[in-house]
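Visitor: Data: model.json, JSON, C-alpha atoms.
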[["chain", "number", "residue", "atom", "x", "y", "z"],
["B", 1116, "MET", "CA", 61.55, 130.09, 131.86],
["B", 1117, "LYS", "CA", 60.25, 126.87, 133.27],
["B", 1118, "ARG", "CA", 62.73, 124.09, 134.08],
["B", 1119, "SER", "CA", 60.95, 121.69, 131.69],
["B", 1120, "THR", "CA", 61.28, 124.19, 128.84],
["B", 1121, "ILE", "CA", 65.00, 124.63, 129.51],
["B", 1122, "LEU", "CA", 65.48, 120.84, 129.58],
["B", 1123, "ALA", "CA", 63.64, 120.49, 126.28],
["B", 1124, "ALA", "CA", 65.82, 123.16, 124.70],
["B", 1125, "ILE", "CA", 68.99, 121.43, 125.89],
["B", 1126, "LEU", "CA", 67.84, 118.10, 124.49],
["B", 1127, "LEU", "CA", 66.99, 119.74, 121.16],
["B", 1128, "VAL", "CA", 70.44, 121.32, 120.90],
["B", 1129, "ALA", "CA", 72.08, 117.98, 121.75],
["B", 1130, "ALA", "CA", 70.00, 116.21, 119.11],
["B", 1131, "LEU", "CA", 70.90, 118.78, 116.46],
["B", 1132, "ALA", "CA", 74.59, 118.46, 117.36],
["B", 1133, "ALA", "CA", 74.38, 114.68, 117.01],
["B", 1134, "VAL", "CA", 72.76, 115.01, 113.57],
["B", 1135, "SER", "CA", 75.47, 117.46, 112.52],
["B", 1136, "ARG", "CA", 78.24, 115.07, 113.63],
["B", 1137, "ALA", "CA", 76.58, 112.20, 111.76],
["B", 1138, "ALA", "CA", 76.51, 114.31, 108.60],
["B", 1139, "ASP", "CA", 80.21, 115.13, 108.99],
["B", 1140, "VAL", "CA", 81.35, 111.50, 109.21],
["B", 1141, "THR", "CA", 80.64, 108.74, 106.72],
["B", 1142, "GLU", "CA", 81.35, 105.04, 106.83],
["B", 1143, "ARG", "CA", 83.83, 103.65, 104.34],
["B", 1144, "LYS", "CA", 84.92, 100.17, 103.39],
["B", 1145, "THR", "CA", 88.48, 99.04, 104.01],
["B", 1146, "LEU", "CA", 90.56, 96.49, 102.12],
["B", 1147, "THR", "CA", 91.81, 93.79, 104.50],
["B", 1148, "LEU", "CA", 94.98, 91.72, 104.26],
["B", 1149, "SER", "CA", 92.82, 88.70, 103.51],
["B", 1150, "GLY", "CA", 91.27, 90.55, 100.57],
["B", 1151, "ALA", "CA", 94.69, 91.61, 99.27],
["B", 1152, "GLN", "CA", 95.94, 88.03, 99.47],
["B", 1153, "ARG", "CA", 92.83, 86.76, 97.68],
["B", 1154, "ALA", "CA", 93.48, 89.24, 94.86],
["B", 1155, "ILE", "CA", 97.06, 88.05, 94.49],
["B", 1156, "ALA", "CA", 96.07, 84.35, 94.61],
["B", 1157, "ALA", "CA", 93.59, 84.87, 91.77],
["B", 1158, "ALA", "CA", 96.16, 86.64, 89.59],
["B", 1159, "VAL", "CA", 98.91, 84.11, 90.30],
["B", 1160, "ALA", "CA", 96.59, 81.20, 89.45],
["B", 1161, "GLN", "CA", 95.73, 82.80, 86.12],
["B", 1162, "ALA", "CA", 99.38, 83.60, 85.42],
["B", 1163, "HIS", "CA", 100.32, 79.95, 85.95],
["B", 1164, "GLN", "CA", 97.44, 78.79, 83.78],
["B", 1165, "ASN", "CA", 98.58, 81.10, 80.96],
["B", 1166, "LYS", "CA", 102.25, 80.24, 81.52],
["B", 1167, "ALA", "CA", 102.93, 83.92, 82.13],
["B", 1168, "GLY", "CA", 105.19, 85.68, 84.56],
["B", 1169, "GLY", "CA", 104.24, 88.74, 86.55],
["B", 1170, "VAL", "CA", 104.65, 90.65, 89.77],
["B", 1171, "ILE", "CA", 101.35, 91.43, 91.47],
["B", 1172, "ALA", "CA", 101.10, 94.28, 93.98],
["B", 1173, "VAL", "CA", 98.08, 95.32, 96.05],
["B", 1174, "VAL", "CA", 97.78, 98.66, 97.86],
["B", 1175, "ASP", "CA", 95.10, 100.21, 100.06],
["B", 1176, "ASP", "CA", 93.12, 103.34, 99.13],
["B", 1177, "GLY", "CA", 96.00, 105.52, 100.33],
["B", 1178, "GLY", "CA", 98.48, 103.81, 98.03],
["B", 1179, "ASN", "CA", 100.23, 101.90, 100.85],
["B", 1180, "LEU", "CA", 101.57, 98.49, 99.89],
["B", 1181, "MET", "CA", 99.66, 95.59, 101.49],
["B", 1182, "ALA", "CA", 100.85, 92.52, 99.60],
["B", 1183, "LEU", "CA", 103.17, 91.59, 96.75],
["B", 1184, "GLU", "CA", 104.09, 88.34, 95.00],
["B", 1185, "ARG", "CA", 106.56, 87.72, 92.20],
["B", 1186, "VAL", "CA", 105.96, 84.74, 89.93],
["B", 1187, "ASP", "CA", 109.17, 82.78, 89.40],
["B", 1188, "GLY", "CA", 111.15, 83.99, 86.41],
["B", 1189, "THR", "CA", 109.75, 87.54, 86.37],
["B", 1190, "PHE", "CA", 112.33, 90.32, 86.05],
["B", 1191, "ALA", "CA", 113.20, 92.03, 89.34],
["B", 1192, "ALA", "CA", 112.25, 95.57, 88.24],
["B", 1193, "GLY", "CA", 108.67, 94.37, 87.88],
["B", 1194, "ALA", "CA", 108.18, 94.76, 91.64],
["B", 1195, "ASN", "CA", 108.60, 98.54, 91.70],
["B", 1196, "ILE", "CA", 106.65, 98.96, 88.46],
["B", 1197, "SER", "CA", 103.70, 96.90, 89.73],
["B", 1198, "ILE", "CA", 103.61, 98.91, 92.98],
["B", 1199, "GLY", "CA", 103.60, 102.12, 90.97],
["B", 1200, "LYS", "CA", 100.73, 100.91, 88.81],
["B", 1201, "ALA", "CA", 98.72, 99.85, 91.86],
["B", 1202, "ARG", "CA", 99.24, 103.21, 93.58],
["B", 1203, "THR", "CA", 98.30, 105.14, 90.45],
["B", 1204, "ALA", "CA", 95.11, 103.13, 90.00],
["B", 1205, "ALA", "CA", 94.11, 103.56, 93.65],
["B", 1206, "LEU", "CA", 94.97, 107.24, 94.09],
["B", 1207, "PHE", "CA", 93.56, 108.39, 90.74],
["B", 1208, "GLN", "CA", 90.69, 105.86, 90.90],
["B", 1209, "LYS", "CA", 91.04, 104.83, 87.26],
["B", 1210, "PRO", "CA", 92.73, 102.03, 85.30],
["B", 1211, "THR", "CA", 96.29, 103.08, 84.45],
["B", 1212, "ARG", "CA", 95.65, 102.34, 80.75],
["B", 1213, "VAL", "CA", 93.50, 105.52, 80.73],
["B", 1214, "PHE", "CA", 96.55, 107.66, 81.53],
["B", 1215, "GLU", "CA", 98.81, 105.81, 79.10],
["B", 1216, "ASP", "CA", 96.28, 106.54, 76.34],
["B", 1217, "ILE", "CA", 95.99, 110.23, 77.35],
["B", 1218, "ILE", "CA", 99.78, 110.69, 77.28],
["B", 1219, "GLY", "CA", 100.00, 108.78, 74.01],
["B", 1220, "LYS", "CA", 97.60, 111.31, 72.48],
["B", 1221, "GLY", "CA", 99.92, 114.17, 73.34],
["B", 1222, "ARG", "CA", 99.28, 115.29, 76.92],
["B", 1223, "THR", "CA", 102.85, 114.54, 77.97],
["B", 1224, "ALA", "CA", 102.77, 117.06, 80.84],
["B", 1225, "MET", "CA", 101.06, 114.37, 82.94],
["B", 1226, "VAL", "CA", 104.35, 112.50, 83.32],
["B", 1227, "ALA", "CA", 105.49, 115.28, 85.67],
["B", 1228, "LEU", "CA", 103.00, 114.17, 88.32],
["B", 1229, "ASN", "CA", 104.49, 112.66, 91.48],
["B", 1230, "ASP", "CA", 103.96, 109.02, 92.40],
["B", 1231, "PHE", "CA", 102.49, 108.36, 88.95],
["B", 1232, "THR", "CA", 103.01, 105.27, 86.76],
["B", 1233, "PRO", "CA", 100.92, 105.69, 83.59],
["B", 1234, "LEU", "CA", 101.48, 102.18, 82.24],
["B", 1235, "GLN", "CA", 98.80, 99.63, 81.39],
["B", 1236, "GLY", "CA", 98.34, 97.02, 84.10],
["B", 1237, "GLY", "CA", 96.87, 98.86, 87.08],
["B", 1238, "MET", "CA", 93.25, 98.59, 88.24],
["B", 1239, "PRO", "CA", 91.37, 100.19, 91.14],
["B", 1240, "ILE", "CA", 89.65, 97.77, 93.51],
["B", 1241, "THR", "CA", 86.06, 98.88, 93.92],
["B", 1242, "ILE", "CA", 83.42, 97.58, 96.33],
["B", 1243, "ASP", "CA", 79.88, 98.99, 96.26],
["B", 1244, "GLY", "CA", 81.08, 102.05, 94.37],
["B", 1245, "GLN", "CA", 83.95, 102.81, 96.77],
["B", 1246, "VAL", "CA", 87.60, 102.52, 95.74],
["B", 1247, "VAL", "CA", 89.26, 100.54, 98.54],
["B", 1248, "GLY", "CA", 92.65, 99.98, 96.93],
["B", 1249, "GLY", "CA", 94.44, 99.14, 93.73],
["B", 1250, "VAL", "CA", 96.27, 96.26, 92.09],
["B", 1251, "GLY", "CA", 99.18, 96.51, 89.68],
["B", 1252, "VAL", "CA", 100.80, 93.84, 87.52],
["B", 1253, "SER", "CA", 104.08, 94.01, 85.63],
["B", 1254, "GLY", "CA", 106.16, 91.41, 83.84],
["B", 1255, "ALA", "CA", 103.54, 89.20, 82.18],
["B", 1256, "ASN", "CA", 103.88, 88.28, 78.50],
["B", 1257, "SER", "CA", 102.41, 91.61, 77.33],
["B", 1258, "ALA", "CA", 100.93, 94.86, 78.61],
["B", 1259, "GLN", "CA", 97.48, 93.50, 77.73],
["B", 1260, "GLN", "CA", 98.13, 90.44, 79.86],
["B", 1261, "ASP", "CA", 99.33, 92.67, 82.71],
["B", 1262, "GLU", "CA", 95.93, 94.36, 82.63],
["B", 1263, "GLU", "CA", 94.01, 91.08, 82.36],
["B", 1264, "LEU", "CA", 95.76, 89.73, 85.45],
["B", 1265, "ALA", "CA", 95.06, 92.98, 87.31],
["B", 1266, "MET", "CA", 91.39, 92.78, 86.33],
["B", 1267, "THR", "CA", 91.21, 89.20, 87.61],
["B", 1268, "ALA", "CA", 92.79, 90.24, 90.91],
["B", 1269, "ALA", "CA", 90.45, 93.21, 91.38],
["B", 1270, "ALA", "CA", 87.39, 91.11, 90.52],
["B", 1271, "ALA", "CA", 88.38, 88.49, 93.11],
["B", 1272, "VAL", "CA", 87.90, 91.13, 95.82],
["B", 1273, "ALA", "CA", 84.95, 92.98, 94.31],
["B", 1274, "ASN", "CA", 83.00, 89.77, 93.67],
["B", 1275, "PRO", "CA", 84.05, 87.34, 96.41],
["B", 1276, "MET", "CA", 80.86, 85.28, 96.13],
["B", 1277, "SER", "CA", 81.70, 82.76, 93.44],
["B", 1278, "ALA", "CA", 79.04, 81.11, 91.34],
["B", 1279, "VAL", "CA", 78.22, 77.45, 91.89],
["B", 1280, "THR", "CA", 79.92, 75.30, 89.25],
["B", 1281, "TYR", "CA", 78.17, 72.24, 87.81],
["B", 1282, "PHE", "CA", 79.57, 69.52, 85.55],
["B", 1283, "ASP", "CA", 77.13, 67.05, 84.02],
["B", 1284, "SER", "CA", 78.09, 63.38, 83.81],
["B", 1285, "ALA", "CA", 78.99, 63.61, 80.13],
["B", 1286, "SER", "CA", 81.51, 66.38, 80.84],
["B", 1287, "VAL", "CA", 83.05, 64.39, 83.69],
["B", 1288, "VAL", "CA", 83.34, 61.24, 81.54],
["B", 1289, "ALA", "CA", 84.94, 63.27, 78.75],
["B", 1290, "ALA", "CA", 87.44, 64.74, 81.20],
["B", 1291, "PHE", "CA", 88.43, 61.29, 82.47],
["B", 1292, "ASP", "CA", 88.75, 59.97, 78.90],
["B", 1293, "LYS", "CA", 91.74, 62.22, 78.34],
["B", 1294, "GLY", "CA", 92.68, 63.18, 81.93],
["B", 1295, "SER", "CA", 92.26, 66.92, 82.31],
["B", 1296, "VAL", "CA", 91.69, 69.81, 84.71],
["B", 1297, "LEU", "CA", 88.02, 69.94, 85.63],
["B", 1298, "PHE", "CA", 88.03, 73.19, 87.63],
["B", 1299, "ASN", "CA", 90.56, 76.02, 87.84],
["B", 1300, "GLN", "CA", 89.06, 79.47, 88.27],
["B", 1301, "GLY", "CA", 91.67, 81.32, 90.31],
["B", 1302, "GLN", "CA", 90.52, 79.89, 93.63],
["B", 1303, "SER", "CA", 92.78, 78.39, 96.28],
["B", 1304, "TYR", "CA", 91.98, 74.94, 94.92],
["B", 1305, "MET", "CA", 91.78, 73.02, 91.63],
["B", 1306, "VAL", "CA", 90.03, 69.78, 90.65],
["B", 1307, "HIS", "CA", 91.63, 67.34, 88.22],
["B", 1308, "ALA", "CA", 89.88, 64.44, 86.52],
["B", 1309, "SER", "CA", 93.07, 62.38, 86.28],
["B", 1310, "ARG", "CA", 93.80, 59.32, 84.18],
["B", 1311, "ARG", "CA", 96.88, 57.10, 84.09],
["B", 1312, "GLU", "CA", 97.61, 54.19, 81.81],
["B", 1313, "LYS", "CA", 101.24, 53.68, 82.84],
["B", 1314, "PRO", "CA", 103.60, 54.70, 85.65],
["B", 1315, "GLY", "CA", 104.48, 58.37, 85.84],
["B", 1316, "MET", "CA", 107.31, 60.59, 87.00],
["B", 1317, "ALA", "CA", 108.08, 61.52, 90.58],
["B", 1318, "GLU", "CA", 106.30, 64.78, 91.43],
["B", 1319, "ILE", "CA", 106.79, 67.52, 93.99],
["B", 1320, "HIS", "CA", 104.27, 70.36, 94.31],
["B", 1321, "THR", "CA", 105.88, 73.01, 96.49],
["B", 1322, "LYS", "CA", 102.63, 74.89, 97.21],
["B", 1323, "ASP", "CA", 99.76, 72.48, 96.50],
["B", 1324, "ALA", "CA", 98.52, 69.62, 98.64],
["B", 1325, "ASP", "CA", 96.97, 66.74, 96.64],
["B", 1326, "ILE", "CA", 93.77, 65.11, 97.87],
["B", 1327, "VAL", "CA", 93.44, 61.91, 95.85],
["B", 1328, "TYR", "CA", 90.20, 59.92, 95.53],
["B", 1329, "VAL", "CA", 90.39, 56.70, 93.51],
["B", 1330, "LEU", "CA", 87.45, 56.26, 91.18],
["B", 1331, "ASP", "CA", 88.49, 53.09, 89.37],
["B", 1332, "GLY", "CA", 91.50, 50.80, 89.00],
["B", 1333, "ALA", "CA", 94.52, 50.27, 91.26],
["B", 1334, "ALA", "CA", 97.99, 51.71, 91.67],
["B", 1335, "THR", "CA", 101.14, 51.60, 93.76],
["B", 1336, "LEU", "CA", 101.84, 55.11, 95.04],
["B", 1337, "VAL", "CA", 105.19, 55.86, 96.66],
["B", 1338, "THR", "CA", 105.37, 58.91, 98.94],
["B", 1339, "GLY", "CA", 108.25, 60.57, 100.76],
["B", 1340, "GLY", "CA", 111.86, 59.64, 100.11],
["B", 1341, "LYS", "CA", 113.95, 61.54, 97.57],
["B", 1342, "ALA", "CA", 113.03, 62.34, 93.99],
["B", 1343, "ILE", "CA", 115.81, 61.26, 91.62],
["B", 1344, "ASP", "CA", 117.10, 63.88, 89.16],
["B", 1345, "ALA", "CA", 114.34, 66.32, 90.17],
["B", 1346, "LYS", "CA", 114.09, 69.40, 87.96],
["B", 1347, "VAL", "CA", 111.77, 72.42, 87.94],
["B", 1348, "THR", "CA", 109.26, 71.98, 85.09],
["B", 1349, "GLU", "CA", 107.11, 75.04, 85.83],
["B", 1350, "PRO", "CA", 106.64, 77.42, 88.76],
["B", 1351, "ASP", "CA", 106.25, 75.51, 92.04],
["B", 1352, "GLU", "CA", 106.46, 72.13, 90.26],
["B", 1353, "LEU", "CA", 109.33, 69.62, 90.12],
["B", 1354, "ARG", "CA", 109.59, 66.29, 88.31],
["B", 1355, "GLY", "CA", 112.04, 63.42, 88.71],
["B", 1356, "SER", "CA", 112.56, 60.00, 87.13],
["B", 1357, "ALA", "CA", 111.62, 58.01, 90.28],
["B", 1358, "ILE", "CA", 111.74, 58.06, 94.08],
["B", 1359, "GLU", "CA", 114.52, 56.64, 96.21],
["B", 1360, "GLY", "CA", 113.22, 55.28, 99.52],
["B", 1361, "GLY", "CA", 109.78, 56.44, 100.59],
["B", 1362, "GLU", "CA", 106.70, 54.41, 101.51],
["B", 1363, "ALA", "CA", 104.65, 52.40, 99.01],
["B", 1364, "LYS", "CA", 100.86, 52.22, 99.32],
["B", 1365, "GLU", "CA", 98.48, 50.10, 97.25],
["B", 1366, "LEU", "CA", 95.52, 52.23, 96.20],
["B", 1367, "LYS", "CA", 92.20, 50.81, 95.04],
["B", 1368, "LYS", "CA", 88.72, 52.05, 94.18],
["B", 1369, "GLY", "CA", 87.26, 54.23, 96.94],
["B", 1370, "ASP", "CA", 90.58, 54.97, 98.67],
["B", 1371, "VAL", "CA", 91.54, 58.52, 99.62],
["B", 1372, "MET", "CA", 95.06, 59.82, 100.21],
["B", 1373, "ILE", "CA", 96.17, 63.33, 101.21],
["B", 1374, "ILE", "CA", 99.68, 64.33, 100.13],
["B", 1375, "PRO", "CA", 100.90, 67.56, 101.76],
["B", 1376, "ALA", "CA", 102.68, 70.22, 99.73],
["B", 1377, "GLY", "CA", 106.37, 69.49, 99.26],
["B", 1378, "VAL", "CA", 106.10, 65.70, 99.71],
["B", 1379, "PRO", "CA", 107.53, 63.72, 96.76],
["B", 1380, "HIS", "CA", 105.12, 61.15, 95.29],
["B", 1381, "TRP", "CA", 105.29, 58.69, 92.41],
["B", 1382, "PHE", "CA", 102.79, 56.38, 90.76],
["B", 1383, "LYS", "CA", 105.12, 53.42, 90.43],
["B", 1384, "ASN", "CA", 102.60, 50.96, 88.99],
["B", 1385, "VAL", "CA", 99.05, 51.50, 87.68],
["B", 1386, "THR", "CA", 96.33, 49.50, 86.00],
["B", 1387, "ASP", "CA", 95.10, 50.60, 82.59],
["B", 1388, "PRO", "CA", 93.15, 52.78, 83.13],
["B", 1389, "PHE", "CA", 93.59, 54.19, 86.61],
["B", 1390, "LEU", "CA", 91.04, 56.97, 87.20],
["B", 1391, "TYR", "CA", 91.14, 59.33, 90.17],
["B", 1392, "TYR", "CA", 90.04, 62.78, 91.25],
["B", 1393, "VAL", "CA", 92.72, 65.13, 92.54],
["B", 1394, "VAL", "CA", 91.76, 68.24, 94.49],
["B", 1395, "LYS", "CA", 94.74, 70.56, 94.71],
["B", 1396, "ALA", "CA", 94.49, 72.77, 97.78],
["B", 1397, "ARG", "CA", 96.77, 75.77, 98.33]]
Represent the structure from my file as structure tokens, please.
Guide:
Amino acid sequence: MKRSTILAAILLVAALAAVSRAADVTERKTLTLSGAQRAIAAAVAQAHQNKAGGVIAVVDDGGNLMALERVDGTFAAGANISIGKARTAALFQKPTRVFEDIIGKGRTAMVALNDFTPLQGGMPITIDGQVVGGVGVSGANSAQQDEELAMTAAAAVANPMSAVTYFDSASVVAAFDKGSVLFNQGQSYMVHASRREKPGMAEIHTKDADIVYVLDGAATLVTGGKAIDAKVTEPDELRGSAIEGGEAKELKKGDVMIIPAGVPHWFKNVTDPFLYYVVKAR
């Protein structure tokens, strides 16, 4: 056999081996820590908006815990339950409500399965048809709300590209007329169209930084110092009657102030009305 023929045969065998190896191995997507944290942030934001508790757990496609957060006031057992729901959703690649319904219809033998939590509130996290993990929620106001929070968390990973949000001028004016939240969709930020007609209470946001832009009017804003009689009013939020010490700043139209998370602040005096945007960044 000629040398060239032998070389050609060797190359052909090598090529066939390479094709065989390629067919034996497939690429798969992997849930990252950043993705797990984004899922939890979306669920926590919705839980706060709905004034609900909850423990949110995120696992990878093997059921291994990646991230967990417990909303203040949620019962302690919710942690293990949420992890169980997340693992069940990821390993069985179905919402846990499916299994609760099946057992409720009489197939009770399923409860004998290992590492199995057939309770509503677990959702697989799917990207491009691949299950990359699962999220479980326990301790919200109801089982239905557990599932809604889990769906929100899973969607935050599956659909990371958020739609552009537009508010026409009439909507913005209406928001400032009463002072309301303009944007809060489970992102790491919120936008408030804020209005004040009189001094407020001292505030401390333990997780949110406030970026204040004055649209109209003037105010004396005191930052730092110590909030007097501060009490928790909702998760991550404290309110007090005033601030002792601190630094006073006169704000006017066009001014911007950034108040880091955890810094007490108090609108001591304001004109009527005092209008300002607040972007809350977490």
Visitor: What's the separation between CA of Thr1321 in chain B and CA of Val1347 in chain B, in Å to one decimal place?
Guide: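 A separation of 10.4 Å between them.
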Visitor: Please identify all polymer residues within 12 Å of Val1246 in chain B, counting only C-alpha atoms, omitting same-chain residues fewer than 5 positions from it, and present them as JSON, numbers by chain.
Guide: {"B": [1143, 1144, 1145, 1146, 1174, 1175, 1176, 1177, 1178, 1202, 1204, 1205, 1206, 1207, 1208, 1209, 1210, 1238, 1239, 1240, 1241, 1269, 1272, 1273]}
Visitor: If you measure from CA of Lys1364 in chain B to CA of Leu1336 in chain B, what distance in Å do you get, rounded to one decimal?
Guide: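 A separation of 5.3 Å between them.
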Visitor: Leaving out Val1170 in chain B and any residue of its chain fewer than 5 positions from it, which residues lie within 6 Å of it when counting only C-alpha atoms, given as an MDAnalysis selection string?
Guide: chainID B and resid 1184:1185 1193:1194 1252:1253
Visitor: Using all atoms listed in the file, which residues sit within 12 Å of Ile1373 in chain B once same-chain residues fewer than 5 positions away are excluded, as a PyMOL selection string?
Guide: chain B and resi 1323-1329+1336+1338+1378+1380+1392-1396
Visitor: Just write the chosen residues, C-alpha atoms, as a PDB file, in the frame of the given file.
Guide:
ATOM      1  CA  ASP B1323      99.760  72.480  96.500  1.00  0.00           C
ATOM      2  CA  ALA B1324      98.520  69.620  98.640  1.00  0.00           C
ATOM      3  CA  ASP B1325      96.970  66.740  96.640  1.00  0.00           C
ATOM      4  CA  ILE B1326      93.770  65.110  97.870  1.00  0.00           C
ATOM      5  CA  VAL B1327      93.440  61.910  95.850  1.00  0.00           C
ATOM      6  CA  TYR B1328      90.200  59.920  95.530  1.00  0.00           C
ATOM      7  CA  VAL B1329      90.390  56.700  93.510  1.00  0.00           C
ATOM      8  CA  LEU B1336     101.840  55.110  95.040  1.00  0.00           C
ATOM      9  CA  THR B1338     105.370  58.910  98.940  1.00  0.00           C
ATOM     10  CA  VAL B1378     106.100  65.700  99.710  1.00  0.00           C
ATOM     11  CA  HIS B1380     105.120  61.150  95.290  1.00  0.00           C
ATOM     12  CA  TYR B1392      90.040  62.780  91.250  1.00  0.00           C
ATOM     13  CA  VAL B1393      92.720  65.130  92.540  1.00  0.00           C
ATOM     14  CA  VAL B1394      91.760  68.240  94.490  1.00  0.00           C
ATOM     15  CA  LYS B1395      94.740  70.560  94.710  1.00  0.00           C
ATOM     16  CA  ALA B1396      94.490  72.770  97.780  1.00  0.00           C
TER      17      ALA B1396
END
Visitor: Using CA of Gly1361 in chain B and CA of Val1385 in chain B as the two end points, give the distance in Å to one decimal.
Guide: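 CA of Gly1361 in chain B sits 17.5 Å away from CA of Val1385 in chain B.
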Visitor: Skipping near chain neighbours, those fewer than 6 positions away, what residues fall within 10 Å of Gly1355 in chain B using only C-alpha atoms, listed as a PyMOL selection string?
Guide: chain B and resi 1315-1319+1341-1348+1379-1381
Visitor: Which residues come within 9 Å of Ala1158 in chain B, counting all atoms listed in the file, excluding same-chain residues fewer than 4 positions away, as a short mmCIF file (atom, residue, chain, number, x, y, z; two decimals) with C-alpha atoms, in the frame of the given file?
Guide:
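What ended up in out-v3.cif:
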data_model
loop_
_atom_site.label_atom_id
_atom_site.label_comp_id
_atom_site.auth_asym_id
_atom_site.auth_seq_id
_atom_site.Cartn_x
_atom_site.Cartn_y
_atom_site.Cartn_z
CA ARG B 1153 92.83 86.76 97.68
CA ALA B 1154 93.48 89.24 94.86
CA ALA B 1162 99.38 83.60 85.42
CA HIS B 1163 100.32 79.95 85.95
CA GLY B 1169 104.24 88.74 86.55
CA ILE B 1171 101.35 91.43 91.47
CA VAL B 1252 100.80 93.84 87.52
CA GLU B 1263 94.01 91.08 82.36
CA LEU B 1264 95.76 89.73 85.45
CA ALA B 1265 95.06 92.98 87.31
CA MET B 1266 91.39 92.78 86.33
CA THR B 1267 91.21 89.20 87.61
CA ALA B 1268 92.79 90.24 90.91
CA ALA B 1269 90.45 93.21 91.38
CA ALA B 1271 88.38 88.49 93.11
CA GLY B 1301 91.67 81.32 90.31
#
Visitor: Looking at B:Val1306, B:Val1279, B:Ala1376, B:Ala1333, which one is nearest to His1320 in chain B, with distances taken over all atoms listed in the file?
Guide: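 With all atoms listed in the file as the atom set, the closest residue is B:Ala1376.
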Visitor: Please output range 1379-1392 of chain B, rebuilt to include N, CA and C atoms, as a compact mmCIF listing (two decimals), in the frame of the given file.
Guide:
# COMPACT_ATOMS: atom_id res chain seq x y z
N PRO B 1379 107.39 64.42 98.04
CA PRO B 1379 107.53 63.72 96.76
C PRO B 1379 106.54 62.55 96.67
N HIS B 1380 106.00 62.30 95.49
CA HIS B 1380 105.12 61.15 95.29
C HIS B 1380 105.24 60.65 93.84
N TRP B 1381 105.00 59.35 93.69
CA TRP B 1381 105.29 58.69 92.41
C TRP B 1381 104.35 57.51 92.22
N PHE B 1382 103.61 57.53 91.13
CA PHE B 1382 102.79 56.38 90.76
C PHE B 1382 103.71 55.35 90.08
N LYS B 1383 104.13 54.39 90.89
CA LYS B 1383 105.12 53.42 90.43
C LYS B 1383 104.51 52.40 89.49
N ASN B 1384 103.32 51.92 89.84
CA ASN B 1384 102.60 50.96 88.99
C ASN B 1384 101.14 51.36 88.95
N VAL B 1385 100.48 51.20 87.80
CA VAL B 1385 99.05 51.50 87.68
C VAL B 1385 98.40 50.49 86.75
N THR B 1386 97.10 50.28 86.97
CA THR B 1386 96.33 49.50 86.00
C THR B 1386 95.97 50.41 84.83
N ASP B 1387 95.50 49.83 83.76
CA ASP B 1387 95.10 50.60 82.59
C ASP B 1387 93.61 50.42 82.34
N PRO B 1388 92.76 51.46 82.63
CA PRO B 1388 93.15 52.78 83.13
C PRO B 1388 93.04 52.87 84.66
N PHE B 1389 93.71 53.84 85.20
CA PHE B 1389 93.59 54.19 86.61
C PHE B 1389 92.99 55.59 86.66
N LEU B 1390 91.76 55.70 87.20
CA LEU B 1390 91.04 56.97 87.20
C LEU B 1390 90.92 57.49 88.63
N TYR B 1391 91.19 58.77 88.81
CA TYR B 1391 91.14 59.33 90.17
C TYR B 1391 90.94 60.84 90.10
N TYR B 1392 90.17 61.33 91.06
CA TYR B 1392 90.04 62.78 91.25
C TYR B 1392 91.22 63.27 92.06
